[in-house]
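**Q** So here's upload_17.pdb, just PDB, C-alpha atoms:
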```
MODEL        1
ATOM      1  CA  MET A 647      97.151 114.069  67.684
ATOM      2  CA  THR A 648      97.502 110.655  69.305
ATOM      3  CA  LYS A 649      97.445 110.911  73.077
ATOM      4  CA  ILE A 650     100.205 109.112  74.926
ATOM      5  CA  TRP A 651      99.202 107.989  78.413
ATOM      6  CA  ILE A 652     102.231 107.520  80.680
ATOM      7  CA  PHE A 653     101.444 105.657  83.890
ATOM      8  CA  ASP A 654     103.594 105.391  86.970
ATOM      9  CA  LEU A 655     103.272 101.913  88.509
ATOM     10  CA  ASP A 656     103.458 101.801  92.316
ATOM     11  CA  ASP A 657     100.742 103.776  94.124
ATOM     12  CA  THR A 658      99.306 104.831  90.764
ATOM     13  CA  LEU A 659      98.129 101.671  89.003
ATOM     14  CA  HIS A 660      97.963  99.771  92.300
ATOM     15  CA  ASN A 661      98.374 100.363  96.027
ATOM     16  CA  ALA A 662     101.984  99.506  96.840
ATOM     17  CA  SER A 663     102.021 101.340 100.185
ATOM     18  CA  ALA A 664      99.770  98.778 101.875
ATOM     19  CA  HIS A 665     101.919  95.639 101.640
ATOM     20  CA  ILE A 666     104.826  96.074  99.213
ATOM     21  CA  PHE A 667     106.597  99.286 100.268
ATOM     22  CA  PRO A 668     106.943  98.363 103.973
ATOM     23  CA  VAL A 669     108.756  95.141 102.990
ATOM     24  CA  MET A 670     110.795  96.866 100.280
ATOM     25  CA  ASN A 671     111.848  99.654 102.646
ATOM     26  CA  GLN A 672     113.071  97.013 105.081
ATOM     27  CA  THR A 673     115.030  95.123 102.398
ATOM     28  CA  MET A 674     116.624  98.398 101.205
ATOM     29  CA  THR A 675     117.561  99.337 104.775
ATOM     30  CA  GLN A 676     119.042  95.867 105.264
ATOM     31  CA  TYR A 677     121.011  96.180 102.022
ATOM     32  CA  ILE A 678     122.491  99.508 103.187
ATOM     33  CA  MET A 679     123.337  97.990 106.592
ATOM     34  CA  ASP A 680     125.115  95.042 104.953
ATOM     35  CA  HIS A 681     126.999  96.953 102.260
ATOM     36  CA  LEU A 682     127.852 100.213 104.033
ATOM     37  CA  ASP A 683     128.355  98.681 107.479
ATOM     38  CA  LEU A 684     125.781 100.908 109.208
ATOM     39  CA  ASP A 685     123.395 100.128 112.052
ATOM     40  CA  GLU A 686     119.676  99.949 111.334
ATOM     41  CA  ASN A 687     118.870 103.503 112.378
ATOM     42  CA  GLU A 688     121.709 105.012 110.308
ATOM     43  CA  ALA A 689     120.757 102.916 107.271
ATOM     44  CA  HIS A 690     117.064 103.830 107.611
ATOM     45  CA  ASN A 691     117.893 107.553 107.785
ATOM     46  CA  LEU A 692     120.285 107.367 104.822
ATOM     47  CA  ARG A 693     117.698 105.533 102.703
ATOM     48  CA  LYS A 694     115.073 108.221 103.452
ATOM     49  CA  HIS A 695     117.584 111.033 102.902
ATOM     50  CA  TYR A 696     118.516 109.810  99.427
ATOM     51  CA  TRP A 697     114.862 109.303  98.544
ATOM     52  CA  ARG A 698     114.095 112.906  99.559
ATOM     53  CA  VAL A 699     117.104 114.401  97.746
ATOM     54  CA  TYR A 700     117.087 112.314  94.558
ATOM     55  CA  GLY A 701     113.586 110.825  94.381
ATOM     56  CA  ALA A 702     115.167 107.353  94.561
ATOM     57  CA  THR A 703     117.398 105.723  97.185
ATOM     58  CA  LEU A 704     119.336 103.961  94.433
ATOM     59  CA  LYS A 705     120.537 107.214  92.856
ATOM     60  CA  GLY A 706     122.167 108.331  96.108
ATOM     61  CA  LEU A 707     123.814 104.951  96.633
ATOM     62  CA  VAL A 708     125.242 104.884  93.101
ATOM     63  CA  ARG A 709     126.437 108.496  93.254
ATOM     64  CA  HIS A 710     127.980 108.469  96.721
ATOM     65  CA  HIS A 711     128.902 104.821  97.409
ATOM     66  CA  ASN A 712     129.524 103.310  93.963
ATOM     67  CA  THR A 713     126.769 100.756  94.555
ATOM     68  CA  ASP A 714     126.127  98.340  91.672
ATOM     69  CA  PRO A 715     122.574  99.323  90.651
ATOM     70  CA  TYR A 716     121.711  95.917  89.176
ATOM     71  CA  HIS A 717     122.778  94.101  92.337
ATOM     72  CA  PHE A 718     120.841  96.537  94.537
ATOM     73  CA  LEU A 719     117.641  96.140  92.492
ATOM     74  CA  GLU A 720     117.883  92.366  92.380
ATOM     75  CA  GLU A 721     118.485  92.064  96.124
ATOM     76  CA  THR A 722     115.733  94.484  97.173
ATOM     77  CA  HIS A 723     112.916  93.503  94.793
ATOM     78  CA  GLN A 724     112.791  89.714  95.122
ATOM     79  CA  LEU A 725     109.532  89.710  97.125
ATOM     80  CA  GLU A 726     108.741  85.994  96.981
ATOM     81  CA  ASN A 727     105.152  86.554  98.160
ATOM     82  CA  LEU A 728     104.451  89.329  95.665
ATOM     83  CA  HIS A 729     101.318  87.602  94.377
ATOM     84  CA  ASP A 730      99.719  87.932  97.830
ATOM     85  CA  MET A 731     100.925  91.516  98.279
ATOM     86  CA  VAL A 732      99.443  93.066  95.126
ATOM     87  CA  ILE A 733      95.983  94.532  95.689
ATOM     88  CA  GLN A 734      93.808  93.895  92.645
ATOM     89  CA  VAL A 735      91.815  96.797  91.195
ATOM     90  CA  LYS A 736      88.439  95.796  89.758
ATOM     91  CA  ARG A 737      87.631  97.189  86.322
ATOM     92  CA  LEU A 738      91.172  98.577  85.899
ATOM     93  CA  ARG A 739      91.748  96.642  82.692
ATOM     94  CA  HIS A 740      88.416  97.870  81.330
ATOM     95  CA  THR A 741      89.253 101.485  82.243
ATOM     96  CA  LEU A 742      92.698 101.347  80.615
ATOM     97  CA  ASN A 743      91.312  99.789  77.441
ATOM     98  CA  SER A 744      88.706 102.550  77.208
ATOM     99  CA  LEU A 745      91.412 105.246  76.950
ATOM    100  CA  GLU A 746      92.182 106.152  73.346
ATOM    101  CA  GLY A 747      95.831 106.475  72.402
ATOM    102  CA  ARG A 748      99.162 104.885  73.245
ATOM    103  CA  LYS A 749      99.717 103.620  76.786
ATOM    104  CA  LEU A 750     102.982 102.897  78.597
ATOM    105  CA  VAL A 751     104.391 102.465  82.082
ATOM    106  CA  PHE A 752     107.222 104.669  83.386
ATOM    107  CA  THR A 753     108.505 103.382  86.725
ATOM    108  CA  ASN A 754     111.492 103.791  89.037
ATOM    109  CA  ALA A 755     111.200 100.078  89.771
ATOM    110  CA  PRO A 756     113.282  97.433  87.981
ATOM    111  CA  ARG A 757     111.806  95.846  84.868
ATOM    112  CA  SER A 758     111.487  92.339  86.315
ATOM    113  CA  TYR A 759     109.431  93.608  89.282
ATOM    114  CA  ALA A 760     107.218  95.818  87.073
ATOM    115  CA  LEU A 761     106.465  92.911  84.731
ATOM    116  CA  ARG A 762     105.584  90.663  87.671
ATOM    117  CA  VAL A 763     103.142  93.213  89.116
ATOM    118  CA  LEU A 764     101.489  93.914  85.764
ATOM    119  CA  ASP A 765     101.197  90.187  85.077
ATOM    120  CA  ILE A 766      99.578  89.558  88.491
ATOM    121  CA  MET A 767      97.100  92.352  87.725
ATOM    122  CA  ASP A 768      96.514  90.934  84.221
ATOM    123  CA  ILE A 769      97.174  94.274  82.493
ATOM    124  CA  GLU A 770     100.681  93.746  81.085
ATOM    125  CA  ASP A 771      99.426  93.470  77.483
ATOM    126  CA  VAL A 772      97.594  96.822  77.716
ATOM    127  CA  PHE A 773     100.899  98.708  77.527
ATOM    128  CA  GLU A 774     103.146  99.055  74.482
ATOM    129  CA  LEU A 775     106.234  99.720  76.615
ATOM    130  CA  ILE A 776     107.455  99.240  80.185
ATOM    131  CA  PHE A 777     110.056 101.968  80.740
ATOM    132  CA  SER A 778     111.849 100.922  83.919
ATOM    133  CA  VAL A 779     114.694 102.443  85.920
ATOM    134  CA  GLU A 780     117.168 100.460  83.796
ATOM    135  CA  SER A 781     115.666 102.100  80.684
ATOM    136  CA  THR A 782     116.505 105.551  82.095
ATOM    137  CA  LYS A 783     120.153 104.462  82.594
ATOM    138  CA  PHE A 784     119.352 104.874  86.315
ATOM    139  CA  HIS A 785     118.265 108.510  86.021
ATOM    140  CA  ALA A 786     115.130 107.786  88.030
ATOM    141  CA  LYS A 787     112.163 110.150  88.198
ATOM    142  CA  PRO A 788     112.028 113.075  88.903
ATOM    143  CA  SER A 789     115.301 113.465  86.923
ATOM    144  CA  VAL A 790     114.765 115.334  83.646
ATOM    145  CA  ARG A 791     117.227 112.998  81.931
ATOM    146  CA  GLY A 792     115.009 109.977  82.551
ATOM    147  CA  PHE A 793     112.019 111.764  81.014
ATOM    148  CA  GLN A 794     114.094 112.871  78.012
ATOM    149  CA  GLN A 795     115.285 109.296  77.518
ATOM    150  CA  LEU A 796     111.661 108.156  77.491
ATOM    151  CA  LEU A 797     110.556 110.779  74.952
ATOM    152  CA  LYS A 798     113.478 109.861  72.712
ATOM    153  CA  THR A 799     112.601 106.159  72.945
ATOM    154  CA  ILE A 800     108.921 106.626  72.056
ATOM    155  CA  LYS A 801     109.729 109.340  69.475
ATOM    156  CA  ALA A 802     107.190 111.758  70.917
ATOM    157  CA  LYS A 803     106.827 115.372  71.969
ATOM    158  CA  ALA A 804     106.124 116.110  75.621
ATOM    159  CA  SER A 805     103.010 118.058  74.603
ATOM    160  CA  ASP A 806     101.445 114.800  73.304
ATOM    161  CA  CYS A 807     101.879 113.089  76.684
ATOM    162  CA  ILE A 808      99.718 112.771  79.786
ATOM    163  CA  MET A 809     101.653 111.770  82.911
ATOM    164  CA  LEU A 810      99.752 109.948  85.676
ATOM    165  CA  GLU A 811     101.679 109.764  88.896
ATOM    166  CA  ASP A 812     101.320 109.834  92.691
ATOM    167  CA  ASN A 813     104.643 111.640  93.176
ATOM    168  CA  LEU A 814     104.479 115.431  92.910
ATOM    169  CA  GLU A 815     108.171 115.944  92.134
ATOM    170  CA  ALA A 816     107.856 113.688  89.086
ATOM    171  CA  LEU A 817     104.772 115.623  87.971
ATOM    172  CA  LYS A 818     106.685 118.879  88.381
ATOM    173  CA  THR A 819     109.314 117.619  85.918
ATOM    174  CA  ALA A 820     106.623 116.363  83.532
ATOM    175  CA  LYS A 821     104.877 119.742  83.575
ATOM    176  CA  ARG A 822     108.131 121.634  83.036
ATOM    177  CA  LEU A 823     108.745 119.566  79.907
ATOM    178  CA  GLY A 824     105.262 120.360  78.603
ATOM    179  CA  MET A 825     103.264 117.254  79.517
ATOM    180  CA  LYS A 826      99.725 117.291  80.877
ATOM    181  CA  THR A 827      99.777 116.109  84.493
ATOM    182  CA  VAL A 828      97.345 113.952  86.444
ATOM    183  CA  TRP A 829      97.969 113.506  90.165
ATOM    184  CA  VAL A 830      96.641 110.221  91.556
ATOM    185  CA  SER A 831      95.937 111.154  95.156
ATOM    186  CA  LYS A 832      93.164 111.346  97.720
ATOM    187  CA  LYS A 833      94.445 114.753  98.865
ATOM    188  CA  LEU A 834      92.218 117.628  97.826
ATOM    189  CA  HIS A 835      94.685 120.516  97.497
ATOM    190  CA  LYS A 836      96.141 120.547  93.978
ATOM    191  CA  PRO A 837      99.463 122.331  93.191
ATOM    192  CA  SER A 838      99.549 124.679  90.189
ATOM    193  CA  TYR A 839     101.644 122.298  88.064
ATOM    194  CA  VAL A 840      98.970 119.587  88.358
ATOM    195  CA  ASP A 841      96.299 119.798  85.646
ATOM    196  CA  TYR A 842      93.947 117.159  87.062
ATOM    197  CA  ARG A 843      93.625 115.254  90.324
ATOM    198  CA  VAL A 844      91.927 111.853  90.555
ATOM    199  CA  SER A 845      91.590 109.640  93.618
ATOM    200  CA  SER A 846      92.064 106.557  91.433
ATOM    201  CA  VAL A 847      92.992 105.726  87.857
ATOM    202  CA  LEU A 848      89.436 104.368  87.552
ATOM    203  CA  ALA A 849      88.186 107.988  87.734
ATOM    204  CA  LEU A 850      89.807 108.769  84.366
ATOM    205  CA  THR A 851      86.553 107.778  82.688
ATOM    206  CA  HIS A 852      84.837 110.746  84.414
ATOM    207  CA  ILE A 853      87.138 113.524  83.188
ATOM    208  CA  LYS A 854      87.878 114.868  79.734
ATOM    209  CA  ILE A 855      91.590 115.392  79.078
TER     210      ILE A 855
ENDMDL
END
```
Rewrite the structure of this file - the entire thing - as structure tokens.
**A**
Amino acid sequence: MTKIWIFDLDDTLHNASAHIFPVMNQTMTQYIMDHLDLDENEAHNLRKHYWRVYGATLKGLVRHHNTDPYHFLEETHQLENLHDMVIQVKRLRHTLNSLEGRKLVFTNAPRSYALRVLDIMDIEDVFELIFSVESTKFHAKPSVRGFQQLLKTIKAKASDCIMLEDNLEALKTAKRLGMKTVWVSKKLHKPSYVDYRVSSVLALTHIKI
């Protein structure tokens, strides 16, 4: 059996919470203010509400406000200073190359942003596929439909896959489908649907999956 390693991008392969997410949250809030004519507080609360309910702000905006997903993604992910915002991870490329099997990225981010981040980190060529939110037809994680779309695309069974992710709801879906689950988190308590917990992707070399 060939293992298939499925990596989330933000806060899994790199730390997006430090510099990228604060800016992105602000650009998303601004987008909602501009397009739904809300004040900052209302827009901020709506953005967080949709993220909690759907796992992605975009899904709520498309479903309830007919937002053009491509326009939303383009406007909110421009990040002109992205090169300075990405925190490099030493030995990440070496660690990824040491894992036997197929490797791909499954992200709720748009493809253009994902490619930019992976290029800055010099690991883009490690992955056979970048499965972005466009690839899921905007059924972002933790939606089962996005996962099913991925499995269909890579022609694989869930039981052959190992999902590495910082988001527990996405791991819950992965586990329900039959994937092995690895939670990338510094928290110590591990839910039952998580098979392994690592504080960093670099720690994958220390566990046998």
**Q** Please compute the atom CA of Thr851 of chain A-atom CA of Lys818 of chain A distance, one decimal, in Å.
**A**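 A separation of 23.7 Å between them.
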**Q** Extract, using all atoms listed in the file, all DNA, RNA and protein residues at most 12 Å from Thr782 of chain A, discarding same-chain residues fewer than 3 positions from it, and format them as an MDAnalysis selection string.
**A** chainID A and resid 705 752:757 776:779 785:799
**Q** Which one is closest to Tyr716 of chain A: A:Tyr700, A:Phe653, A:Phe784, A:Tyr677? Count all atoms listed in the file.
**A**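 Comparing A:Tyr700, A:Phe653, A:Phe784, A:Tyr677 against Tyr716 of chain A, the winner is A:Phe784.
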**Q** Write out as a ChimeraX atom specification which residues come within 9 Å of Ser831 of chain A when counting all atoms listed in the file, dropping same-chain ones fewer than 2 positions away.
**A** /A:657-658,811-813,829,833-834,843-846
**Q** Please, could you write that set of residues out with C-alpha atoms as a PDB file, in the frame of the given file?
**A**
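Result went into out-v9.pdb, see below:
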```pdb
ATOM      1  CA  ASP A 657     100.742 103.776  94.124  1.00  0.00           C
ATOM      2  CA  THR A 658      99.306 104.831  90.764  1.00  0.00           C
ATOM      3  CA  GLU A 811     101.679 109.764  88.896  1.00  0.00           C
ATOM      4  CA  ASP A 812     101.320 109.834  92.691  1.00  0.00           C
ATOM      5  CA  ASN A 813     104.643 111.640  93.176  1.00  0.00           C
ATOM      6  CA  TRP A 829      97.969 113.506  90.165  1.00  0.00           C
ATOM      7  CA  LYS A 833      94.445 114.753  98.865  1.00  0.00           C
ATOM      8  CA  LEU A 834      92.218 117.628  97.826  1.00  0.00           C
ATOM      9  CA  ARG A 843      93.625 115.254  90.324  1.00  0.00           C
ATOM     10  CA  VAL A 844      91.927 111.853  90.555  1.00  0.00           C
ATOM     11  CA  SER A 845      91.590 109.640  93.618  1.00  0.00           C
ATOM     12  CA  SER A 846      92.064 106.557  91.433  1.00  0.00           C
TER      13      SER A 846
END
```
**Q** Identify, on the basis of only C-alpha atoms, every residue whose closest approach to Thr675 of chain A does not exceed 8 Å; exclude the query and any residue fewer than 6 positions from it along the same chain; express the result as a VMD selection string.
**A** chain A and resid 686 689 to 690 693
**Q** Please indicate the distance in Å from atom CA of Ser805 of chain A to atom CA of Met825 of chain A, rounded to one decimal place.
**A**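 Between atom CA of Ser805 of chain A and atom CA of Met825 of chain A the gap works out to 5.0 Å.
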**Q** Which residue out of A:Ile808, A:Ile678, A:Leu775, A:Leu814 has the minimum interatomic distance to Leu745 of chain A when all atoms listed in the file are used?
**A**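 Ranked by minimum distance to Leu745 of chain A, first place goes to A:Ile808.
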**Q** Give me the residues near Phe718 of chain A as JSON, numbers by chain, where near means some atom within 9 Å (using all atoms listed in the file) and where sequence neighbours in that chain fewer than 3 positions away do not count.
**A** {"A": [674, 677, 704, 713, 714, 715, 721, 722, 723]}
**Q** Distance cut-off 7 Å, centre (100.7, 94.0, 99.5) in file coordinates, counting all atoms listed in the file: which residues qualify? Return them as a PyMOL selection string.
**A** chain A and resi 662+664-666+730-733
**Q** Hey, which of A:Arg737, A:Lys649, A:Lys694, A:His852 ends up closest to Lys826 of chain A? Count all atoms listed in the file.
**A**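 With all atoms listed in the file as the atom set, the closest residue is A:Lys649.
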**Q** Please compute the atom CA of Cys807 of chain A-atom CA of Tyr696 of chain A distance, one decimal, in Å.
**A**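 Pair atom CA of Cys807 of chain A / atom CA of Tyr696 of chain A returns 28.4 Å.
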**Q** Residues picked by the PyMOL selection byres ((chain A and resi 766) around 12) here, as a PyMOL selection string?
**A** chain A and resi 660+727-735+759-765+767-771
**Q** Which one is closest to Leu817 of chain A: A:Leu707, A:Ala802, A:Leu742, A:Ile652? Count only C-alpha atoms.
**A**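 Smallest distance to Leu817 of chain A is found for A:Ile652.
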**Q** Pick the closest to Val708 of chain A from A:Lys783, A:Tyr839, A:Thr741, A:Ile855: which is it, counting all atoms listed in the file?
**A**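 Closest residue, counting all atoms listed in the file: A:Lys783.
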**Q** Nearest to Ala702 of chain A: which of A:His740, A:Ser758, A:Met809, A:Glu815 is it, counting only C-alpha atoms?
**A**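 Among the listed residues, A:Glu815 lies closest to Ala702 of chain A.
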**Q** Neighbouring residues of Thr648 of chain A were defined as those with any atom within 9 Å, considering all atoms listed in the file; residues of the same chain fewer than 6 positions away were excluded. Please report them as a PDB file with C-alpha atoms, keeping the file's coordinate frame.
**A**
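For reference, around_0.pdb as written:
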```pdb
ATOM      1  CA  GLU A 746      92.182 106.152  73.346  1.00  0.00           C
ATOM      2  CA  GLY A 747      95.831 106.475  72.402  1.00  0.00           C
ATOM      3  CA  ARG A 748      99.162 104.885  73.245  1.00  0.00           C
ATOM      4  CA  ASP A 806     101.445 114.800  73.304  1.00  0.00           C
ATOM      5  CA  CYS A 807     101.879 113.089  76.684  1.00  0.00           C
TER       6      CYS A 807
END
```
